[in-house]
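Single-structure report; data block below.
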Amino acid sequence: MLFCSDIPPLRAWRAQVRRASQRVALVPTMGALHQGHLALVGLARQLADRVVLSVFVNPLQFGPAEDLARYPRDLDRDRRLADESGVDLLFAPAEEAMYPPGSEIRVHGGATAARWEGAVRPGHFDGVLTVVTKLFHLVEPEVAVFGQKDIQQATLIRRLARDFDLPVAIAVGPTVREADGLALSSRNAYLSPAGRREGLGLIQALRAAARRWSEGEHRADRLAAVLQETLAGFPGLTPDYIAIVDPERFEPVTEARVGTIVALAARVGSTRLIDNHILGTELP
Ligand code: AMP
């Protein structure tokens with residue numbers, strides 16, 4: 001596996017891969033790699049000849065009161081895991097390589113980026129869209145792979161590619177979970193054993209709503225009540241939002257159909273957890 005912390009060697013590698021007519025898949029991450037990230041690498045390997053994994057804790061997508069400084073970082077471990085999982089090139093740029101002094105142009109999301117995660121975390125998606133645009137220009141992947149766990153993000157990146165005519169296909173891999181259903185997240189490392197038990201409220205709520213929906217309850221307000229009741233059984237969990245929305249614009253729906261997204265965010269102490277379910281799909 002090649003390791004690049006700067007842009008010129010990445011560009012040189014890309015030019016060589018292009019000459020060999022090989023397809024490249026990109027998996028962008030903020031590191032602290034877990035099985036969720038590695039599953040995306042597995043999917044990327046199926047979709048292209050060469051896989052680039054990026055590890056960059058992007059300061060632009062963190063709000064001033066968020067966890068940028070304490071976000072878990074372990075590049076040596078990430079490097080080993082990436083190598084073992086068949087990554088061809090690990091791109092882990094320094095902040096100055098991505099945002100040299102004077103860099104000021106930003107990609108600004110629209111209405112979809114202002115809802116839910118965007119409402120709770122103002123500016124978050126502009127930071128994500130800006131860094132992903134840069135990564136797409138640097139790596140020039142034929143396909144980029146994102147996780148369903150961050151479903152609003154994946155949707156916005158699809159829109160980014162479409163609205164800016166970027167020649168990249170967007171693939172979305174399913175959420176990888178612990179045996180008890182907790183969605184893997186780098187932020188789970190912040191949870192105490194008691195906090196982790198509270199975190200299970202999200203999957204429990206999604207399961208309860210999915211069950212009620214498959215029994216025939218399609219009214220979104222009633223499903224929202226089921227989610228709320230389940231979350232209320234986890235007193236250590238403070239919900240940020242309960243969203244039952246269409247998969248394109250993330251606007252609230254009144255009738256929940258196949259493909260409608262149920263998305264949740266909640267805090268356990270200062271740790272934010274998110275999860276979601278697409279109605280009509282499997283939920284373990
Ligand atoms: P992050 O490092 O948290 O920015 O995530 C990098 C990528 O991994 C994003 O596309 C996430 O949606 C995806 N991801 C994070 N957690 C999971 C998970 N549990 N299962 C699948 N993909 C995930």
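Labels for the structure tokens follow display order: chains A, B, ..., residues from 1 in each chain, ligands from 1.
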Could you please extract the residues within 6 Å of ligand 1, counting only C-alpha atoms and all ligand atoms, and hand them back as a CSV table (one decimal) with N, CA, C and O atoms, in the first residue's frame?
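Contents of the output file out.csv:
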chain,number,residue,atom,x,y,z
A,28,PRO,N,-13.8,8.1,1.4
A,28,PRO,CA,-13.4,9.1,2.3
A,28,PRO,C,-13.8,8.8,3.7
A,28,PRO,O,-14.9,8.4,4.0
A,29,THR,N,-12.9,9.1,4.6
A,29,THR,CA,-13.2,8.9,6.1
A,29,THR,C,-12.4,9.9,6.9
A,29,THR,O,-11.5,10.6,6.4
A,30,MET,N,-12.8,9.9,8.2
A,30,MET,CA,-12.0,10.8,9.1
A,30,MET,C,-11.1,9.9,10.0
A,30,MET,O,-10.7,10.3,11.1
A,31,GLY,N,-10.9,8.6,9.6
A,31,GLY,CA,-10.0,7.7,10.3
A,31,GLY,C,-10.7,7.1,11.5
A,31,GLY,O,-11.9,7.1,11.6
A,36,GLY,N,-17.1,-0.7,9.9
A,36,GLY,CA,-18.0,0.0,8.9
A,36,GLY,C,-17.2,0.6,7.8
A,36,GLY,O,-17.6,0.4,6.6
A,37,HIS,N,-16.1,1.2,8.1
A,37,HIS,CA,-15.2,1.8,7.1
A,37,HIS,C,-14.7,0.7,6.2
A,37,HIS,O,-14.6,0.8,5.0
A,146,PHE,N,-19.8,5.7,0.1
A,146,PHE,CA,-20.2,6.3,1.4
A,146,PHE,C,-21.1,5.3,2.2
A,146,PHE,O,-21.6,4.4,1.6
A,147,GLY,N,-21.3,5.6,3.5
A,147,GLY,CA,-22.1,4.7,4.3
A,147,GLY,C,-23.5,5.2,4.5
A,147,GLY,O,-23.8,6.4,4.7
A,148,GLN,N,-24.4,4.3,4.5
A,148,GLN,CA,-25.8,4.6,4.8
A,148,GLN,C,-26.0,5.2,6.2
A,148,GLN,O,-26.9,5.9,6.5
A,149,LYS,N,-25.0,4.9,7.1
A,149,LYS,CA,-25.2,5.5,8.5
A,149,LYS,C,-25.3,7.0,8.4
A,149,LYS,O,-26.1,7.5,9.2
A,150,ASP,N,-24.6,7.6,7.5
A,150,ASP,CA,-24.8,9.1,7.4
A,150,ASP,C,-25.6,9.4,6.1
A,150,ASP,O,-25.1,9.8,5.1
A,174,PRO,N,-24.3,-0.5,3.2
A,174,PRO,CA,-25.2,-0.6,4.4
A,174,PRO,C,-24.5,-0.3,5.7
A,174,PRO,O,-23.3,-0.4,5.8
A,175,THR,N,-25.3,0.0,6.7
A,175,THR,CA,-24.7,0.3,8.0
A,175,THR,C,-24.2,-0.9,8.7
A,175,THR,O,-25.0,-1.9,8.8
A,176,VAL,N,-23.0,-0.9,9.1
A,176,VAL,CA,-22.5,-2.1,9.9
A,176,VAL,C,-22.7,-1.8,11.4
A,176,VAL,O,-22.5,-0.7,11.9
A,177,ARG,N,-23.2,-2.9,12.0
A,177,ARG,CA,-23.6,-2.7,13.4
A,177,ARG,C,-22.9,-3.7,14.3
A,177,ARG,O,-22.4,-4.8,13.9
A,183,ALA,N,-25.0,1.0,15.8
A,183,ALA,CA,-24.3,1.3,14.6
A,183,ALA,C,-22.9,1.6,15.0
A,183,ALA,O,-22.6,2.4,15.9
A,184,LEU,N,-21.9,1.0,14.2
A,184,LEU,CA,-20.5,1.4,14.5
A,184,LEU,C,-20.3,2.8,14.2
A,184,LEU,O,-20.8,3.3,13.2
A,185,SER,N,-19.5,3.5,15.1
A,185,SER,CA,-19.1,4.9,14.9
A,185,SER,C,-17.8,5.1,15.6
A,185,SER,O,-17.6,4.6,16.7
Can you check which residues of segment 29-207 of chain A DSSP gives as helix (DSSP H, G or I) on the backbone and send them as a PyMOL selection string?
-> chain A and resi 35-47+59-61+75-84+95-98+111-114+117-120+124-139+148-163+186-190+193-207
Written selection (C-alpha atoms) as a short mmCIF file (atom, residue, chain, number, x, y, z; two decimals), in the first residue's frame:
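Result file selection.cif:
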data_model
loop_
_atom_site.label_atom_id
_atom_site.label_comp_id
_atom_site.auth_asym_id
_atom_site.auth_seq_id
_atom_site.Cartn_x
_atom_site.Cartn_y
_atom_site.Cartn_z
CA GLN A 35 -15.51 -2.45 10.46
CA GLY A 36 -18.02 0.00 8.95
CA HIS A 37 -15.24 1.80 7.08
CA LEU A 38 -13.60 -1.50 6.12
CA ALA A 39 -16.88 -2.82 4.71
CA LEU A 40 -16.93 0.25 2.44
CA VAL A 41 -13.39 -0.64 1.34
CA GLY A 42 -14.68 -4.15 0.52
CA LEU A 43 -17.47 -2.66 -1.58
CA ALA A 44 -14.99 -0.30 -3.26
CA ARG A 45 -12.81 -3.26 -4.21
CA GLN A 46 -15.79 -4.84 -5.97
CA LEU A 47 -16.49 -1.64 -7.89
CA PRO A 59 -11.93 20.96 10.54
CA LEU A 60 -14.46 22.66 8.26
CA GLN A 61 -17.21 20.22 9.18
CA LEU A 75 -2.92 6.98 11.97
CA ASP A 76 -0.56 4.03 12.60
CA ARG A 77 -3.51 1.76 13.35
CA ASP A 78 -5.50 3.15 10.40
CA ARG A 79 -2.52 2.52 8.15
CA ARG A 80 -2.26 -1.10 9.26
CA LEU A 81 -6.00 -1.76 8.91
CA ALA A 82 -6.10 -0.09 5.49
CA ASP A 83 -3.16 -2.17 4.30
CA GLU A 84 -4.72 -5.40 5.60
CA GLU A 95 -4.49 20.30 7.21
CA GLU A 96 -2.18 22.77 5.38
CA ALA A 97 -2.16 20.51 2.32
CA MET A 98 -5.96 20.61 2.09
CA ALA A 111 -32.34 23.44 1.51
CA THR A 112 -31.68 19.71 2.00
CA ALA A 113 -28.39 20.54 3.75
CA ALA A 114 -30.15 22.95 6.10
CA GLU A 117 -28.17 17.28 10.79
CA GLY A 118 -27.68 20.63 9.05
CA ALA A 119 -30.06 22.38 11.45
CA VAL A 120 -28.39 20.93 14.55
CA HIS A 124 -21.49 21.00 8.85
CA PHE A 125 -22.58 19.96 5.39
CA ASP A 126 -20.83 22.91 3.72
CA GLY A 127 -17.64 21.57 5.29
CA VAL A 128 -18.40 18.04 4.10
CA LEU A 129 -19.32 19.16 0.57
CA THR A 130 -16.19 21.30 0.33
CA VAL A 131 -13.79 18.57 1.42
CA VAL A 132 -15.48 15.92 -0.72
CA THR A 133 -15.32 18.20 -3.77
CA LYS A 134 -11.61 18.65 -3.16
CA LEU A 135 -11.08 14.90 -2.70
CA PHE A 136 -12.97 14.19 -5.92
CA HIS A 137 -10.71 16.62 -7.81
CA LEU A 138 -7.55 15.23 -6.22
CA VAL A 139 -8.30 11.52 -6.61
CA GLN A 148 -25.84 4.61 4.83
CA LYS A 149 -25.16 5.46 8.46
CA ASP A 150 -24.75 9.09 7.38
CA ILE A 151 -27.67 8.95 4.99
CA GLN A 152 -28.29 12.69 4.67
CA GLN A 153 -24.61 13.15 3.84
CA ALA A 154 -24.71 10.39 1.18
CA THR A 155 -27.80 11.99 -0.35
CA LEU A 156 -26.16 15.41 -0.46
CA ILE A 157 -23.04 14.00 -2.09
CA ARG A 158 -25.19 12.40 -4.79
CA ARG A 159 -26.73 15.83 -5.31
CA LEU A 160 -23.26 17.46 -5.35
CA ALA A 161 -22.12 15.11 -8.12
CA ARG A 162 -25.29 15.75 -10.08
CA ASP A 163 -25.47 19.53 -9.61
CA SER A 186 -15.77 6.35 15.71
CA ARG A 187 -17.65 8.36 18.35
CA ASN A 188 -18.76 5.18 20.17
CA ALA A 189 -15.28 5.30 21.73
CA TYR A 190 -16.52 8.21 23.87
CA PRO A 193 -20.56 1.07 29.33
CA ALA A 194 -23.70 2.74 30.74
CA GLY A 195 -23.73 5.29 27.90
CA ARG A 196 -23.39 2.52 25.38
CA ARG A 197 -26.52 0.83 26.78
CA GLU A 198 -28.40 4.13 26.40
CA GLY A 199 -27.13 4.36 22.82
CA LEU A 200 -29.09 1.21 22.01
CA GLY A 201 -32.23 3.36 22.24
CA LEU A 202 -31.73 4.44 18.63
CA ILE A 203 -31.79 0.96 17.09
CA GLN A 204 -34.59 -0.09 19.46
CA ALA A 205 -36.68 2.88 18.33
CA LEU A 206 -35.98 2.16 14.65
CA ARG A 207 -36.91 -1.50 15.14
#
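For the set A:Ala210, A:Val226, A:Arg23, A:Leu231, the residue with the smallest atom-to-atom gap to Gly259 of chain A is A:Ala210, counting only C-alpha atoms.
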Could you build a table of the residues in segment 71-132 of chain A lying no more than 7 Å from segment 5-15 of chain A, giving for each the nearest pair of atoms and their separation in Å rounded to one decimal place, using only C-alpha atoms, ordered by chain and ascending residue number, as CSV?
residue,atom,partner,partner_atom,distance
A:Phe91,CA,A:Ser5,CA,5.9
A:Ala92,CA,A:Ser5,CA,4.8
A:Pro93,CA,A:Ser5,CA,4.3
A:Ala94,CA,A:Ser5,CA,6.5
A:Ala97,CA,A:Asp6,CA,6.3
In Å to one decimal, how far is atom CA of Val24 of chain A from atom CA of Ala48 of chain A?
-> 5.4 Å
Just asking: which residues within segment 99-241 of chain A are strand (DSSP E) according to DSSP, as a PyMOL selection string?
-> chain A and resi 143-147+169-173+237-241
Shortest contact to Glu282 of chain A, candidates A:Arg211, A:Leu264, A:Leu90, A:Ala256, atoms counted only C-alpha atoms, goes to A:Arg211
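Atom CA of Ala65 of chain A is found 28.8 Å from atom CA of Thr230 of chain A.
Take atom CA of Asp49 of chain A and atom CA of Ala25 of chain A: the distance between them is 7.7 Å.
When only C-alpha atoms are used to compute distances to Trp213 of chain A, the closest of the residues A:Pro252, A:Gly280, A:Gly233, A:Gly173 turns out to be A:Gly280.
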